[in-house]
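Student: Provided herewith is a single structure, encoded as C-alpha cells, for subsequent inquiry.
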Amino acid sequence: MRVLIAYSSKYGSTKDCARKLADKLNCDTEVIDVKKSKPDPRVYDAVIIGGPVYMGKINKPTAVYCELYKELLLSKPLGLFICHMDREKDVNHQISSVYPEELVAHSKVSKGFGGAYLVSNMNFFYKMIIKKAAGVTENKKDIFNKEIDMFAEQFNNIINK
Ligand SMILES: Cc1cc2nc3c(=O)[nH]c(=O)nc-3n(C[C@H](O)[C@H](O)[C@H](O)COP(=O)(O)O)c2cc1C
C-alpha cells in the first residue's frame with residue numbers, strides 16, 4: 001500500500017503536520033510539497049491532501065493540485081486536512097468551504113489540525129493582518145495532535161481493510 005501526502009505550506013506548520021501524520025500511517029508514505037512538484041495520483045493507492053487556510057482560502061499550490069487532478073483523486077481513497085487558526089468557525093464548515101465540493105463529498109476522512117502563527121518570519125503585511133484580526137504579535141503554536149492521531153487511525157483502518 002502506497003500513500004501520498006500532498007501538501008503545501010507557507011511557514012512550515014502544515015509541513016510539520018504532514019510529517020507527523022506520515023509517521024503514524026502503517027504503510028509506505030511519501031510526503032510531497034506540491035509547490036515543488038505535482039505527483040500523479042495514479043502511482044498511489046490512496047492520497048491525503050493538506051494545506052493551510054489563508055484569508056478564507058486554501059493555500060494556492062494545494063488548490064492548484066486539487067484542480068489539476070480532481071478526476072483522478074475521485075477514484076482513490078482520499079483524506080483531506082487543513083491547518084487553521086480561526087477557532088470561531090466550525091472546522092467541517094471550513095474544510096467544505098476551502099476544498100472542491102466533489103473532493104469533500106468523496107473524502108473518507110477530513111480534519112483540521114490547528115496551526116501556528118510564525119510571526120517572526122512574516123512579512124509586514126501579514127504581521128499587520130494577524131495583529132488586527134487575532135491580536136497576535138508573537139509566535140504562537142496550537143497544533144491539534146489528537147486530531148492527527150485520529151486521522152491516522154481512521155485512515156489506517158480504511159487502507160488496511
Ligand atoms: C495572513 C494570514 C491569514 C490567515 N487566514 C486564516 C483564515 O482565514 N482562517 C484560519 O483558520 N486561519 C488563518 N490563518 C492561520 C493559518 O492558517 C495558520 O497560521 C497556518 O498554520 C499556517 O500554515 P503554514 O505554516 O503551513 O503556512 C491565517 C494566517 C495568516 C498569516
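All residue names refer to the C-alpha cells as shown: chains lettered A, B, ... in order, residues numbered from 1 in each chain, ligands numbered from 1 in order.
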Sorted by chain and rising residue number, which residues of chain A lie within 6 Å of ligand 1, and what are their closest atom pairs and distances in Å to one decimal, counting only C-alpha atoms and all ligand atoms, as JSON lines?
Tutor:
{"residue": "A:Ser9", "atom": "CA", "partner": "ligand 1", "partner_atom_place_in_ligand_line": "26 (O)", "distance": 3.6}
{"residue": "A:Lys10", "atom": "CA", "partner": "ligand 1", "partner_atom_place_in_ligand_line": "27 (O)", "distance": 3.4}
{"residue": "A:Tyr11", "atom": "CA", "partner": "ligand 1", "partner_atom_place_in_ligand_line": "25 (O)", "distance": 3.6}
{"residue": "A:Gly12", "atom": "CA", "partner": "ligand 1", "partner_atom_place_in_ligand_line": "25 (O)", "distance": 4.1}
{"residue": "A:Ser13", "atom": "CA", "partner": "ligand 1", "partner_atom_place_in_ligand_line": "25 (O)", "distance": 3.7}
{"residue": "A:Thr14", "atom": "CA", "partner": "ligand 1", "partner_atom_place_in_ligand_line": "26 (O)", "distance": 3.6}
{"residue": "A:Lys15", "atom": "CA", "partner": "ligand 1", "partner_atom_place_in_ligand_line": "26 (O)", "distance": 5.9}
{"residue": "A:Pro52", "atom": "CA", "partner": "ligand 1", "partner_atom_place_in_ligand_line": "23 (O)", "distance": 4.5}
{"residue": "A:Val53", "atom": "CA", "partner": "ligand 1", "partner_atom_place_in_ligand_line": "17 (O)", "distance": 4.0}
{"residue": "A:Tyr54", "atom": "CA", "partner": "ligand 1", "partner_atom_place_in_ligand_line": "5 (N)", "distance": 3.6}
{"residue": "A:Met55", "atom": "CA", "partner": "ligand 1", "partner_atom_place_in_ligand_line": "8 (O)", "distance": 3.4}
{"residue": "A:Gly56", "atom": "CA", "partner": "ligand 1", "partner_atom_place_in_ligand_line": "8 (O)", "distance": 3.7}
{"residue": "A:Cys83", "atom": "CA", "partner": "ligand 1", "partner_atom_place_in_ligand_line": "21 (O)", "distance": 4.8}
{"residue": "A:His84", "atom": "CA", "partner": "ligand 1", "partner_atom_place_in_ligand_line": "11 (O)", "distance": 3.6}
{"residue": "A:Met85", "atom": "CA", "partner": "ligand 1", "partner_atom_place_in_ligand_line": "12 (N)", "distance": 4.0}
{"residue": "A:Asp86", "atom": "CA", "partner": "ligand 1", "partner_atom_place_in_ligand_line": "11 (O)", "distance": 3.6}
{"residue": "A:Gly115", "atom": "CA", "partner": "ligand 1", "partner_atom_place_in_ligand_line": "21 (O)", "distance": 3.3}
{"residue": "A:Ala116", "atom": "CA", "partner": "ligand 1", "partner_atom_place_in_ligand_line": "21 (O)", "distance": 4.1}
{"residue": "A:Tyr117", "atom": "CA", "partner": "ligand 1", "partner_atom_place_in_ligand_line": "19 (O)", "distance": 4.4}
{"residue": "A:Tyr126", "atom": "CA", "partner": "ligand 1", "partner_atom_place_in_ligand_line": "1 (C)", "distance": 4.5}
{"residue": "A:Ile129", "atom": "CA", "partner": "ligand 1", "partner_atom_place_in_ligand_line": "1 (C)", "distance": 5.7}
Student: If we count only C-alpha atoms and set the cut-off at 12 Å, which residues sit around range 20-27 of chain A, ignoring sequence neighbours fewer than 5 positions away in its own chain? Please answer as JSON, numbers by chain.
Tutor: {"A": [1, 2, 3, 4, 5, 6, 7, 13, 14, 15, 32, 44, 45, 46, 47, 48, 49, 50, 79, 80, 81, 111, 113, 143, 144, 145, 146, 147, 148, 149, 150, 151, 152, 153, 154, 155, 156, 157, 158, 159, 160]}
Student: In Å, how far is it from CA of Arg87 in chain A to CA of Val119 in chain A?
Tutor: 18.1 Å
Student: Mind checking DSSP for chain A and telling me the alpha helix (DSSP H) residues as a ChimeraX atom specification?
Tutor: /A:13-24,60-68,70-73,91-98,101-106,124-134,145-159
Student: Could you tell me how far CA of Ser97 in chain A sits from CA of Leu74 in chain A, in Å to one decimal place?
Tutor: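 CA of Leu74 in chain A sits 18.0 Å away from CA of Ser97 in chain A.
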Student: Identify, with DSSP run on backbone atoms, the residues in range 33-148 of chain A assigned to strand (DSSP E or B), and express the list as a JSON list (two decimals) with C-alpha atoms, in the first residue's frame.
Tutor:
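Here's the written file part.json:
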[["chain", "number", "residue", "atom", "x", "y", "z"],
["A", 33, "ASP", "CA", 5.29, 19.63, -1.29],
["A", 46, "ALA", "CA", -4.55, 6.38, -1.63],
["A", 47, "VAL", "CA", -3.99, 10.14, -1.34],
["A", 48, "ILE", "CA", -4.14, 12.67, 1.52],
["A", 49, "ILE", "CA", -4.21, 16.37, 0.67],
["A", 50, "GLY", "CA", -3.34, 19.14, 3.12],
["A", 51, "GLY", "CA", -2.96, 22.89, 3.14],
["A", 52, "PRO", "CA", -3.15, 25.95, 5.35],
["A", 53, "VAL", "CA", -6.08, 28.39, 5.23],
["A", 54, "TYR", "CA", -5.16, 31.97, 4.36],
["A", 57, "LYS", "CA", -8.94, 30.07, 1.16],
["A", 58, "ILE", "CA", -6.68, 27.06, 0.93],
["A", 78, "LEU", "CA", -8.96, 10.28, -0.17],
["A", 79, "GLY", "CA", -8.24, 12.20, 3.03],
["A", 80, "LEU", "CA", -8.27, 15.99, 3.46],
["A", 81, "PHE", "CA", -6.83, 18.19, 6.17],
["A", 82, "ILE", "CA", -6.35, 21.88, 6.83],
["A", 83, "CYS", "CA", -4.12, 23.92, 9.08],
["A", 109, "VAL", "CA", -11.50, 11.30, 6.47],
["A", 110, "SER", "CA", -11.24, 15.08, 6.86],
["A", 111, "LYS", "CA", -9.95, 17.06, 9.83],
["A", 112, "GLY", "CA", -8.47, 20.34, 11.00],
["A", 114, "GLY", "CA", -4.83, 23.54, 14.15],
["A", 115, "GLY", "CA", -1.80, 25.56, 13.18],
["A", 116, "ALA", "CA", 0.74, 28.20, 14.13],
["A", 117, "TYR", "CA", 1.47, 31.88, 13.62],
["A", 140, "LYS", "CA", 2.01, 31.12, 18.64],
["A", 141, "LYS", "CA", 1.63, 27.36, 18.14],
["A", 142, "ASP", "CA", -1.64, 25.47, 18.53],
["A", 143, "ILE", "CA", -1.38, 22.10, 16.75]]
Student: State, in Å with one decimal place, the distance from CA of Cys66 in chain A to CA of Tyr99 in chain A.
Tutor: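 So the two atoms, CA of Cys66 in chain A and CA of Tyr99 in chain A, lie 7.9 Å apart.
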Student: Pick out the closest residue to Ala105 in chain A from this set: A:Leu73, A:Val43, A:Asp90, A:Arg19. Count only C-alpha atoms.
Tutor: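 Nearest candidate to Ala105 in chain A out of A:Leu73, A:Val43, A:Asp90, A:Arg19: A:Leu73.
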